[in-house]
Each structure stands twice: as structure tokens, then as C-alpha cells.
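Structure data (compact mmCIF, C-alpha atoms and all ligand atoms) from run.txt:
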# COMPACT_ATOMS: atom_id res chain seq x y z
CA MET A 1 -9.78 29.52 47.60
CA THR A 2 -11.15 26.18 46.43
CA LYS A 3 -13.58 24.88 49.01
CA ARG A 4 -13.31 21.31 50.27
CA ILE A 5 -16.05 18.77 50.63
CA VAL A 6 -16.22 15.30 52.12
CA ALA A 7 -18.43 12.85 50.20
CA PHE A 8 -19.24 9.64 52.05
CA ARG A 9 -21.81 7.77 49.98
CA ARG A 10 -20.99 5.70 46.88
CA LEU A 11 -21.16 8.06 43.92
CA LYS A 12 -20.79 7.48 40.19
CA PRO A 13 -17.81 8.87 38.27
CA HIS A 14 -19.95 11.58 36.64
CA HIS A 15 -21.13 12.75 40.06
CA LEU A 16 -17.58 12.97 41.35
CA GLU A 17 -16.53 14.82 38.22
CA GLN A 18 -19.21 17.47 38.79
CA LEU A 19 -18.13 17.91 42.38
CA ARG A 20 -14.44 18.08 41.41
CA ASN A 21 -15.23 20.84 38.93
CA HIS A 22 -16.17 22.99 41.91
CA PHE A 23 -14.37 21.66 44.98
CA HIS A 24 -11.52 19.64 46.35
CA VAL A 25 -13.25 16.34 47.14
CA ASP A 26 -12.28 13.84 49.84
CA TYR A 27 -14.25 10.76 48.84
CA PHE A 28 -15.07 7.78 51.08
CA ASP A 29 -17.03 5.23 49.10
CA THR A 30 -17.28 2.57 51.82
CA LEU A 31 -17.40 4.49 55.07
CA GLU A 32 -18.76 2.17 57.78
CA GLY A 33 -18.90 4.59 60.67
CA PRO A 34 -18.02 8.07 61.87
CA ASP A 35 -14.79 7.06 63.64
CA ASP A 36 -12.71 6.33 60.53
CA PRO A 37 -9.53 8.39 61.22
CA ALA A 38 -9.10 9.50 57.57
CA PHE A 39 -12.74 10.66 57.50
CA ARG A 40 -12.28 12.60 60.74
CA GLU A 41 -9.11 14.17 59.42
CA ALA A 42 -10.83 15.22 56.18
CA LEU A 43 -13.69 16.74 58.18
CA ARG A 44 -11.30 19.13 59.91
CA ASN A 45 -10.88 21.10 56.68
CA ALA A 46 -14.29 20.47 55.09
CA HIS A 47 -16.69 23.23 54.08
CA GLY A 48 -19.28 20.78 52.82
CA LEU A 49 -20.42 17.26 53.63
CA LEU A 50 -22.42 15.10 51.23
CA GLY A 51 -23.79 11.63 51.97
CA ALA A 52 -26.50 9.63 53.72
CA SER A 53 -27.22 7.08 56.43
CA LEU A 54 -24.56 8.34 58.86
CA PRO A 55 -25.72 9.81 62.17
CA ILE A 56 -24.15 13.26 62.48
CA THR A 57 -23.54 14.16 66.12
CA PRO A 58 -22.59 17.46 67.78
CA GLU A 59 -19.32 15.79 68.77
CA LEU A 60 -18.57 15.07 65.12
CA LEU A 61 -19.46 18.67 64.25
CA ASP A 62 -16.93 19.86 66.83
CA ASP A 63 -14.30 18.24 64.59
CA ALA A 64 -15.54 20.15 61.54
CA PRO A 65 -14.99 23.81 62.42
CA HIS A 66 -15.22 25.10 58.83
CA LEU A 67 -18.43 23.28 57.88
CA GLU A 68 -20.96 25.52 56.07
CA ALA A 69 -23.36 23.03 54.52
CA ILE A 70 -24.48 19.41 54.72
CA SER A 71 -26.20 17.85 51.73
CA SER A 72 -28.06 14.66 52.61
CA ILE A 73 -28.95 12.17 49.87
CA SER A 74 -32.31 11.51 51.55
CA VAL A 75 -35.53 13.31 52.32
CA GLY A 76 -35.59 12.20 55.97
CA VAL A 77 -33.31 14.24 58.22
CA ASP A 78 -33.48 12.08 61.34
CA ASN A 79 -29.71 11.48 61.17
CA TYR A 80 -29.01 15.18 61.71
CA PRO A 81 -29.22 17.38 64.83
CA VAL A 82 -31.21 20.04 62.98
CA GLU A 83 -31.43 22.64 65.79
CA GLU A 84 -27.74 22.26 66.53
CA LEU A 85 -26.87 22.76 62.85
CA THR A 86 -28.99 25.90 62.70
CA ARG A 87 -27.37 27.19 65.91
CA ARG A 88 -23.95 26.65 64.29
CA ASN A 89 -25.12 28.40 61.10
CA ILE A 90 -24.71 25.20 59.05
CA LEU A 91 -27.17 24.83 56.18
CA LEU A 92 -28.80 21.38 55.88
CA CYS A 93 -30.18 20.30 52.48
CA HIS A 94 -32.15 17.18 51.54
CA THR A 95 -33.82 15.55 48.52
CA PRO A 96 -37.63 15.85 48.72
CA ASP A 97 -39.95 15.41 45.70
CA VAL A 98 -37.54 13.44 43.47
CA LEU A 99 -38.20 10.26 45.48
CA THR A 100 -41.87 10.76 46.31
CA GLU A 101 -43.44 8.69 43.52
CA THR A 102 -40.94 5.82 43.77
CA THR A 103 -41.35 5.59 47.54
CA ALA A 104 -45.13 5.65 47.09
CA ASP A 105 -44.77 2.78 44.59
CA THR A 106 -42.91 0.84 47.30
CA GLY A 107 -45.64 1.66 49.80
CA PHE A 108 -48.27 0.35 47.45
CA LEU A 109 -46.16 -2.71 46.71
CA LEU A 110 -46.23 -3.46 50.45
CA ILE A 111 -50.00 -2.95 50.58
CA MET A 112 -50.55 -5.36 47.69
CA ALA A 113 -47.94 -7.93 48.72
CA SER A 114 -49.13 -8.15 52.31
CA ALA A 115 -52.84 -8.24 51.44
CA ARG A 116 -52.43 -10.90 48.75
CA ARG A 117 -49.65 -12.78 50.59
CA ALA A 118 -47.54 -12.51 47.45
CA VAL A 119 -44.12 -13.23 48.99
CA GLU A 120 -45.31 -16.13 51.11
CA LEU A 121 -47.17 -17.79 48.23
CA ALA A 122 -44.44 -17.09 45.64
CA ASN A 123 -41.97 -18.81 47.98
CA MET A 124 -44.35 -21.77 48.23
CA VAL A 125 -44.22 -22.16 44.44
CA LYS A 126 -40.43 -21.81 44.30
CA GLN A 127 -39.99 -24.38 47.06
CA GLY A 128 -42.02 -26.93 45.06
CA GLN A 129 -44.87 -26.88 47.61
CA TRP A 130 -47.63 -25.99 45.15
CA THR A 131 -48.90 -29.51 44.98
CA SER A 132 -52.66 -29.05 44.91
CA GLY A 133 -55.30 -26.45 44.11
CA ILE A 134 -55.22 -23.25 46.08
CA GLY A 135 -57.81 -23.32 48.83
CA GLU A 136 -59.13 -20.94 51.42
CA SER A 137 -56.08 -21.31 53.63
CA HIS A 138 -54.11 -19.48 50.93
CA PHE A 139 -56.61 -16.72 50.24
CA GLY A 140 -55.66 -13.12 50.78
CA THR A 141 -57.75 -10.06 51.37
CA ASP A 142 -58.98 -7.42 48.89
CA VAL A 143 -57.26 -4.09 48.50
CA HIS A 144 -59.71 -2.32 46.19
CA GLY A 145 -62.60 -0.62 47.90
CA LYS A 146 -61.01 -0.84 51.36
CA THR A 147 -60.16 1.99 53.77
CA LEU A 148 -56.65 3.37 53.70
CA GLY A 149 -55.58 5.14 56.89
CA MET A 150 -52.67 7.52 56.45
CA VAL A 151 -50.64 8.39 59.55
CA GLY A 152 -48.92 11.48 58.15
CA PHE A 153 -50.15 12.96 54.91
CA GLY A 154 -47.19 14.73 53.34
CA ARG A 155 -45.61 14.21 49.93
CA ILE A 156 -45.27 10.42 50.14
CA GLY A 157 -48.47 9.81 52.09
CA GLN A 158 -50.44 11.80 49.54
CA ALA A 159 -48.85 9.91 46.63
CA ILE A 160 -49.79 6.57 48.20
CA ALA A 161 -53.30 7.82 48.88
CA ARG A 162 -53.64 8.99 45.27
CA ARG A 163 -52.83 5.46 44.09
CA GLY A 164 -55.35 4.00 46.53
CA ALA A 165 -58.19 6.43 45.89
CA LEU A 166 -57.88 6.85 42.12
CA GLY A 167 -56.52 3.43 41.17
CA PHE A 168 -58.18 1.12 43.68
CA GLY A 169 -61.33 2.97 44.72
CA MET A 170 -60.19 3.14 48.33
CA SER A 171 -61.58 5.50 50.98
CA VAL A 172 -58.81 7.61 52.48
CA LEU A 173 -58.58 8.75 56.10
CA TYR A 174 -55.66 10.83 57.36
CA THR A 175 -54.31 11.96 60.69
CA HIS A 176 -51.11 13.39 62.22
CA ALA A 177 -51.12 16.04 59.53
CA SER A 178 -52.62 19.49 59.01
CA ARG A 179 -55.89 19.71 57.08
CA LYS A 180 -55.48 19.50 53.29
CA PRO A 181 -58.75 20.78 51.72
CA ALA A 182 -57.50 20.44 48.13
CA LEU A 183 -56.71 16.74 48.65
CA GLU A 184 -59.98 16.20 50.47
CA ALA A 185 -61.68 17.49 47.31
CA GLU A 186 -59.43 15.56 44.89
CA LEU A 187 -59.36 12.20 46.66
CA GLY A 188 -62.40 12.37 48.91
CA ALA A 189 -59.95 12.09 51.82
CA THR A 190 -61.21 12.69 55.36
CA HIS A 191 -59.18 14.19 58.18
CA CYS A 192 -59.86 12.42 61.48
CA GLU A 193 -58.55 11.75 64.98
CA PHE A 194 -55.83 9.10 65.31
CA GLU A 195 -58.13 6.78 67.32
CA ALA A 196 -60.93 6.98 64.75
CA LEU A 197 -58.49 6.13 61.95
CA LEU A 198 -57.14 3.13 63.86
CA GLU A 199 -60.65 1.81 64.44
CA GLN A 200 -61.76 2.18 60.81
CA ALA A 201 -58.74 1.60 58.57
CA ASP A 202 -58.10 -1.70 56.80
CA PHE A 203 -54.56 -0.55 56.00
CA VAL A 204 -52.75 1.74 58.43
CA CYS A 205 -49.90 3.33 56.52
CA VAL A 206 -47.15 5.16 58.41
CA ASN A 207 -45.63 8.14 56.56
CA VAL A 208 -44.48 10.51 59.30
CA PRO A 209 -40.85 11.59 59.73
CA LEU A 210 -38.92 10.19 62.71
CA THR A 211 -38.84 12.91 65.37
CA ALA A 212 -38.94 13.00 69.16
CA GLU A 213 -42.78 13.15 68.93
CA THR A 214 -43.16 10.26 66.48
CA THR A 215 -40.65 7.85 68.05
CA GLY A 216 -42.66 4.83 69.25
CA LEU A 217 -45.91 6.41 68.00
CA MET A 218 -47.21 3.01 66.85
CA ASP A 219 -47.22 1.18 70.18
CA ALA A 220 -49.11 -1.64 71.90
CA ALA A 221 -52.13 0.59 72.63
CA VAL A 222 -52.31 1.53 68.94
CA PHE A 223 -52.30 -2.10 67.81
CA LYS A 224 -55.06 -2.88 70.31
CA ARG A 225 -57.22 -0.19 68.71
CA MET A 226 -56.70 -1.46 65.17
CA LYS A 227 -59.06 -3.96 63.57
CA SER A 228 -57.93 -7.59 63.90
CA SER A 229 -58.15 -7.74 60.09
CA ALA A 230 -55.97 -4.63 59.65
CA ILE A 231 -52.57 -4.51 57.98
CA LEU A 232 -49.80 -2.14 59.11
CA ILE A 233 -47.57 -0.61 56.45
CA ASN A 234 -44.37 1.21 57.48
CA ILE A 235 -42.55 3.09 54.75
CA ALA A 236 -41.28 5.86 57.07
CA ARG A 237 -38.68 4.92 59.70
CA GLY A 238 -38.43 1.79 61.85
CA LYS A 239 -38.36 3.60 65.18
CA VAL A 240 -41.78 5.17 64.59
CA VAL A 241 -43.05 1.67 65.41
CA ASP A 242 -42.48 -0.13 68.72
CA GLU A 243 -41.18 -3.27 67.04
CA GLU A 244 -41.58 -5.56 70.06
CA ALA A 245 -45.20 -4.49 70.45
CA LEU A 246 -45.73 -5.06 66.72
CA ILE A 247 -44.30 -8.58 66.91
CA GLU A 248 -46.60 -9.31 69.83
CA ALA A 249 -49.64 -7.89 68.00
CA LEU A 250 -48.87 -9.93 64.88
CA SER A 251 -48.24 -13.13 66.87
CA SER A 252 -51.39 -12.85 68.96
CA GLY A 253 -53.64 -11.98 66.01
CA GLU A 254 -54.37 -8.53 67.37
CA ILE A 255 -53.61 -7.30 63.85
CA HIS A 256 -53.60 -9.38 60.67
CA ALA A 257 -50.32 -8.60 58.87
CA ALA A 258 -47.60 -6.05 58.20
CA GLY A 259 -45.60 -4.75 55.27
CA LEU A 260 -42.34 -3.17 56.39
CA ASP A 261 -39.59 -1.39 54.47
CA VAL A 262 -37.86 0.01 57.56
CA PHE A 263 -36.81 -1.37 60.93
CA ALA A 264 -35.58 -0.22 64.33
CA GLN A 265 -32.19 -1.76 63.52
CA GLU A 266 -30.98 -1.92 59.93
CA PRO A 267 -29.97 -4.23 58.41
CA LEU A 268 -32.70 -6.24 60.17
CA PRO A 269 -30.90 -8.86 62.31
CA GLY A 270 -31.32 -12.36 60.88
CA ASP A 271 -32.69 -13.63 64.20
CA SER A 272 -35.51 -11.08 64.35
CA PRO A 273 -38.89 -12.85 64.73
CA LEU A 274 -40.09 -10.65 61.85
CA THR A 275 -37.94 -12.68 59.43
CA ARG A 276 -39.88 -15.86 60.33
CA MET A 277 -43.45 -14.57 60.27
CA ASP A 278 -45.50 -15.53 57.21
CA ASN A 279 -47.82 -12.57 57.75
CA VAL A 280 -44.99 -10.04 57.47
CA VAL A 281 -43.46 -8.77 54.23
CA THR A 282 -39.97 -7.43 54.92
CA LEU A 283 -38.10 -5.28 52.41
CA PRO A 284 -34.49 -4.10 52.92
CA HIS A 285 -35.24 -0.32 53.05
CA ILE A 286 -35.73 0.04 49.29
CA GLY A 287 -38.31 2.85 49.33
CA SER A 288 -36.39 5.00 46.83
CA ALA A 289 -34.06 2.32 45.46
CA THR A 290 -34.53 2.46 41.70
CA HIS A 291 -31.84 3.44 39.20
CA GLU A 292 -33.75 6.52 38.10
CA THR A 293 -34.62 7.81 41.54
CA ARG A 294 -31.23 7.22 43.14
CA GLU A 295 -29.68 9.11 40.21
CA ALA A 296 -32.12 11.98 40.71
CA MET A 297 -31.41 12.04 44.46
CA ALA A 298 -27.64 12.14 43.93
CA GLN A 299 -28.06 14.95 41.39
CA ARG A 300 -30.28 16.96 43.72
CA ALA A 301 -27.76 16.53 46.54
CA ILE A 302 -24.93 17.66 44.26
CA ASP A 303 -26.91 20.70 43.08
CA ASN A 304 -27.67 21.50 46.72
CA VAL A 305 -24.04 21.44 47.88
CA ILE A 306 -22.75 23.40 44.87
CA ASP A 307 -25.31 26.18 45.34
CA ALA A 308 -24.92 26.23 49.12
CA LEU A 309 -21.14 26.59 49.04
CA GLU A 310 -21.20 29.10 46.19
CA GLY A 311 -23.59 31.42 48.04
CA ARG A 312 -26.83 30.71 46.18
CA ARG A 313 -30.09 29.40 47.64
CA PRO A 314 -30.02 25.63 46.89
CA PRO A 315 -33.04 23.79 45.42
CA SER A 316 -33.88 21.94 48.66
CA PRO A 317 -32.75 23.60 51.88
CA TYR A 318 -34.13 22.05 55.07
CA ASN A 319 -33.24 24.57 57.77
CA ASP A 320 -33.34 28.34 57.64
CA VAL A 321 -29.66 29.21 57.19
CA THR A 322 -28.37 31.61 54.54
CA PRO A 323 -25.63 30.15 52.32
CA ARG A 324 -22.32 31.83 53.14
CA GLY A 325 -20.73 31.70 49.69
P1 LIG B 401 -43.34 15.26 54.37
O1 LIG B 401 -43.86 15.73 53.05
O2 LIG B 401 -42.65 16.23 55.26
O3 LIG B 401 -44.59 14.60 55.16
C1 LIG B 401 -44.56 14.32 56.53
C2 LIG B 401 -45.97 14.19 57.05
O4 LIG B 401 -45.91 13.85 58.44
C3 LIG B 401 -46.78 15.50 56.97
O5 LIG B 401 -48.12 15.21 56.69
C4 LIG B 401 -46.63 16.09 58.37
O6 LIG B 401 -47.70 16.92 58.75
C5 LIG B 401 -46.68 14.82 59.19
N1 LIG B 401 -46.14 14.90 60.56
C6 LIG B 401 -46.73 14.35 61.63
N2 LIG B 401 -46.03 14.54 62.73
C7 LIG B 401 -44.94 15.25 62.38
C8 LIG B 401 -43.83 15.77 63.10
N3 LIG B 401 -43.69 15.58 64.40
N4 LIG B 401 -42.90 16.47 62.40
C9 LIG B 401 -43.03 16.67 61.06
N5 LIG B 401 -44.07 16.18 60.33
C10 LIG B 401 -45.01 15.48 60.99
O7 LIG B 401 -42.32 14.06 54.18
P2 LIG B 401 -42.29 12.96 53.01
O8 LIG B 401 -41.46 13.44 51.88
O9 LIG B 401 -43.69 12.48 52.75
O10 LIG B 401 -41.44 11.83 53.77
C11 LIG B 401 -41.94 11.25 54.97
C12 LIG B 401 -40.90 10.35 55.58
O11 LIG B 401 -40.78 9.17 54.82
C13 LIG B 401 -39.46 10.92 55.60
O12 LIG B 401 -39.24 11.77 56.70
C14 LIG B 401 -38.61 9.67 55.68
O13 LIG B 401 -38.31 9.35 57.01
C15 LIG B 401 -39.51 8.59 55.09
N6 LIG B 401 -38.98 8.05 53.82
C16 LIG B 401 -38.67 6.73 53.75
C17 LIG B 401 -38.18 6.21 52.57
C18 LIG B 401 -37.83 4.75 52.46
O14 LIG B 401 -36.88 4.42 51.76
N7 LIG B 401 -38.58 3.87 53.08
C19 LIG B 401 -37.98 7.03 51.46
C20 LIG B 401 -38.31 8.37 51.57
C21 LIG B 401 -38.81 8.88 52.76
P3 LIG B 401 -48.11 18.25 57.90
O15 LIG B 401 -48.86 17.72 56.70
O16 LIG B 401 -48.97 19.02 58.81
O17 LIG B 401 -46.82 18.94 57.53

In C-alpha cells, how does this file's structure come out?
Amino acid sequence: MTKRIVAFRRLKPHHLEQLRNHFHVDYFDTLEGPDDPAFREALRNAHGLLGASLPITPELLDDAPHLEAISSISVGVDNYPVEELTRRNILLCHTPDVLTETTADTGFLLIMASARRAVELANMVKQGQWTSGIGESHFGTDVHGKTLGMVGFGRIGQAIARRGALGFGMSVLYTHASRKPALEAELGATHCEFEALLEQADFVCVNVPLTAETTGLMDAAVFKRMKSSAILINIARGKVVDEEALIEALSSGEIHAAGLDVFAQEPLPGDSPLTRMDNVVTLPHIGSATHETREAMAQRAIDNVIDALEGRRPPSPYNDVTPRG
């Protein structure tokens, strides 16, 4: 029997061809939401599901009685009810590693852009407002030699820290992660309590996954603890930060600036105060968005679903479920 998969993220012809060499593929290149009747109908017969950015609910899983594997084109799995999938014996796969360096590049871009006010000042030039010499009111703040505080110190956090420590001579603190002696030796990184990191870091960089424990982790009390000169970087997920508290902290001068790739609601609504604040750099969730990395992520997701549905251990399983084959 040829197995059936539902693919719901825009894929290139060569990706679809690979999938069609193994499966019957129901392809939805512009799926807006989970209630599309054709999508729901296709799910009824699907053994595999491949895509990203769509919250998968238990109710949706009820409509997919034959599902064996889900292959997410992302490293973060916050859109999936992981325990429920495991309970239903559905294997979840994701795409770690292939996006680590690119996402770390984006993190460092946010560090540099927010410290040196690059977007604000580039806009000034483009709008014809560079009419006299640059004075103190346009100065930024140094990055090199400063203290980088990593909230979460996994693949991406470590890659950002490596850039900071080895490229910019930064001191690295980390918290909300298990001790990493090898990295402490390599980067001179120091494990510390959350409060100590908040009090010392010049850049507080959020790299934890979105889970029940990390939702709203960066709240008003956290911003109060940070230095008034500190810059918050969020490359993880918007809901790790209490966005209203952040807006308040940025407006009142409790913290200096922010560089954000992710938001509580995406796309970021045009009327969000964050869009109007000069001390905030806002990117449209482009952490992994390069040609090379998106290709690698799609390929990893395809390899995952092919192996999972053909009974082999895939390259990047997330939960502990044996492929059925
Ligand atoms: P990772 O290797 O799993 O690292 C996660 C880090 O967070 C680890 O240090 C982990 O601690 C720590 N952590 C703290 N609290 C945790 C909790 N409650 N549950 C699990 N881990 C917790 O992940 P990664 O590959 O670096 O990716 C991190 C996150 O970045 C992803 O989950 C995703 O949401 C986000 N991301 C965003 C973009 C973007 O486009 N902006 C792109 C890729 C990823 P231990 O060290 O003790 O395990």
C-alpha cells in the first residue's frame, strides 16, 4: 500500500518530487488555517503530515486516525501537543542543527543593530534627515567587550555565545540551562542564577523553547532587575516575553532597547507600539530565513518523514516513538 501524506508548507518542485516517489501527496501550498475542509478531508487518510507554523490540536488529531508521523519544518515544537502525540504513538520529527548557525547570525544581527541603532539611523539617511554631523544624540553603545547573558544555552544560544566570546571578546553568562563544562572551558562562559545574570548582563538574549514553564518568563519583575542600559534580544518565541511589560519597560527607560525577531502575535499587528519605538529593532521572524537554510530544513523534514513512514529511525526524531513502517 502506498502511504499518504499531507504537506502544508510551500515546497519546491524537487521536494514534492521526492515525496511523490515514496507517497501519495496531498499538497496545500497556501493553507491559512486548520479548518480548510479539503485539508481536513485529506487528513482523514493521512499517514504522515509535513509542514510548519500550524498549531496541531488534539481535536485535529481526532480527524487523522491513521497518522503515524508528523515532520515539522522547524526546530521549535511549540505548535505540537507532544505528550498527546506520544500517547497516540505518533512520531514527531523536527529540524535541529541545520538552522543553528543561521539563527545565531540573526541573533547577532539583532545585538549589533540594536546596540548601534542601525535601523533607526539608516532610516534617517534614507529619509533625507542626515543634514548635519552625527552628534552624541545619535551614538550607540559598544558590543565588543560587553557581557552577554544567555537565557537558555542550547544549540542556538551556544552559537550566539561563540560569536560573542570569540569574535567580540564578550564575557558570557548563562542560565536556564544545565551546566556545560566544555563550553565553560571553550568560551570562558559562567553558569549563574537568573537574577545574577539579569543584574550583570549588557545584552540579555532569550534562547529557550516556548513551554508551559517558559511562557511569560521575561516579565515586569525581570525587566526591573535588568540594568537600565541593558538590551533585550529575543530570537526564541514571542510568548516567552510578556510583551506589554516589555513595552512598558522600554517606554519608561527601565531597559535601554530591544531586538526582536519573534512576537506574541505574528505577523506583528501594525498598531503595536513596538512598531513605533526607535529603540526597538523588529524583524519579521526571519531567524532561519536564508535560501540555504530553508532548503536544508525542507530536506531534513523530507528525510524525516520518509524514514519515519518506511520504518527506519529518522535523522531528527523529537519524541520517543518507534517508527511503525
Ligand atoms: P535547544 O538546543 O533545545 O536549546 C534550548 C535551551 O533552553 C537549552 O539550553 C535548555 O536547557 C534550555 N531550557 C530552559 N528551559 C527549558 C524548558 N522548560 N524546556 C526545554 N529547554 C529549556 O534548542 P535550540 O535549537 O537552541 O532552539 C531554541 C529555540 O529557538 C527553539 O525552541 C525555537 O523556539 C527558537 N528558534 C527560533 C527561530 C527563529 O526563527 N527566530 C529559529 C530557530 C529556533 P538544557 O541546556 O539544560 O537542555

**Closest of A:Pro34, A:Gln18, A:Phe223, A:Val172 to A:Ile160 - atom-to-atom distances counting only C-alpha atoms** = A:Val172

**Item:** Spatial neighbours of A:Ile56, 8 Å, all atoms listed in the file, chain gap at least 2 places, as a PyMOL selection string
**Value:** chain A and resi 54+58+60-61+79-81

**Asked** ligand LIG 401 (chain B): which residues are within 7 Å, counting all atoms listed in the file, as a PyMOL selection string?
**Response** chain A and resi 74-77+96-97+99-100+103+152-157+176-178+207-211+213-214+235-237+261-262+285-288

Once you have the residues from the selection above, write them out as an mmCIF file, keeping the file's coordinate frame, restricted to C-alpha atoms.
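Result file follows (result.cif):
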data_model
loop_
_atom_site.group_PDB
_atom_site.id
_atom_site.type_symbol
_atom_site.label_atom_id
_atom_site.label_comp_id
_atom_site.auth_asym_id
_atom_site.auth_seq_id
_atom_site.Cartn_x
_atom_site.Cartn_y
_atom_site.Cartn_z
ATOM 1 C CA SER A 74 -32.310 11.510 51.550
ATOM 2 C CA VAL A 75 -35.530 13.310 52.320
ATOM 3 C CA GLY A 76 -35.590 12.200 55.970
ATOM 4 C CA VAL A 77 -33.310 14.240 58.220
ATOM 5 C CA PRO A 96 -37.630 15.850 48.720
ATOM 6 C CA ASP A 97 -39.950 15.410 45.700
ATOM 7 C CA LEU A 99 -38.200 10.260 45.480
ATOM 8 C CA THR A 100 -41.870 10.760 46.310
ATOM 9 C CA THR A 103 -41.350 5.590 47.540
ATOM 10 C CA GLY A 152 -48.920 11.480 58.150
ATOM 11 C CA PHE A 153 -50.150 12.960 54.910
ATOM 12 C CA GLY A 154 -47.190 14.730 53.340
ATOM 13 C CA ARG A 155 -45.610 14.210 49.930
ATOM 14 C CA ILE A 156 -45.270 10.420 50.140
ATOM 15 C CA GLY A 157 -48.470 9.810 52.090
ATOM 16 C CA HIS A 176 -51.110 13.390 62.220
ATOM 17 C CA ALA A 177 -51.120 16.040 59.530
ATOM 18 C CA SER A 178 -52.620 19.490 59.010
ATOM 19 C CA ASN A 207 -45.630 8.140 56.560
ATOM 20 C CA VAL A 208 -44.480 10.510 59.300
ATOM 21 C CA PRO A 209 -40.850 11.590 59.730
ATOM 22 C CA LEU A 210 -38.920 10.190 62.710
ATOM 23 C CA THR A 211 -38.840 12.910 65.370
ATOM 24 C CA GLU A 213 -42.780 13.150 68.930
ATOM 25 C CA THR A 214 -43.160 10.260 66.480
ATOM 26 C CA ILE A 235 -42.550 3.090 54.750
ATOM 27 C CA ALA A 236 -41.280 5.860 57.070
ATOM 28 C CA ARG A 237 -38.680 4.920 59.700
ATOM 29 C CA ASP A 261 -39.590 -1.390 54.470
ATOM 30 C CA VAL A 262 -37.860 0.010 57.560
ATOM 31 C CA HIS A 285 -35.240 -0.320 53.050
ATOM 32 C CA ILE A 286 -35.730 0.040 49.290
ATOM 33 C CA GLY A 287 -38.310 2.850 49.330
ATOM 34 C CA SER A 288 -36.390 5.000 46.830
#

**Request:** Between atom CA of A:Ala201 and atom CA of A:Met226, measure the distance and give it in Å to one decimal.
**Result:** 7.6 Å

**A:Lys146 surroundings by only C-alpha atoms, 10 Å radius, close-in-sequence under 4 positions cut, as a ChimeraX atom specification** = /A:141-142,164-165,168-172,200-203

**Request:** Select, from A:Ile233, A:Glu32, A:Pro317, A:Gln158, the residue with the minimum atom-to-atom distance to A:Leu283, counting all atoms listed in the file.
**Result:** A:Ile233

**Request:** Please identify all polymer residues within 8 Å of stretch 116-121 of chain A, counting all atoms listed in the file, omitting same-chain residues fewer than 2 positions from it, and present them as a PyMOL selection string.
**Result:** chain A and resi 112-114+123-125+138-142+278-279+281

Selected residues written out, C-alpha atoms, as a CSV table (one decimal), in the coordinates of the input:
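In the end it all went to result_9.csv:
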chain,number,residue,atom,x,y,z
A,112,MET,CA,-50.6,-5.4,47.7
A,113,ALA,CA,-47.9,-7.9,48.7
A,114,SER,CA,-49.1,-8.2,52.3
A,123,ASN,CA,-42.0,-18.8,48.0
A,124,MET,CA,-44.4,-21.8,48.2
A,125,VAL,CA,-44.2,-22.2,44.4
A,138,HIS,CA,-54.1,-19.5,50.9
A,139,PHE,CA,-56.6,-16.7,50.2
A,140,GLY,CA,-55.7,-13.1,50.8
A,141,THR,CA,-57.8,-10.1,51.4
A,142,ASP,CA,-59.0,-7.4,48.9
A,278,ASP,CA,-45.5,-15.5,57.2
A,279,ASN,CA,-47.8,-12.6,57.8
A,281,VAL,CA,-43.5,-8.8,54.2

**Message:** Can you measure atom CA of A:Leu173 to atom CA of A:Asn234 for me? One decimal in Å is fine.
**Reply:**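 Between atom CA of A:Leu173 and atom CA of A:Asn234 the gap is 16.1 Å.
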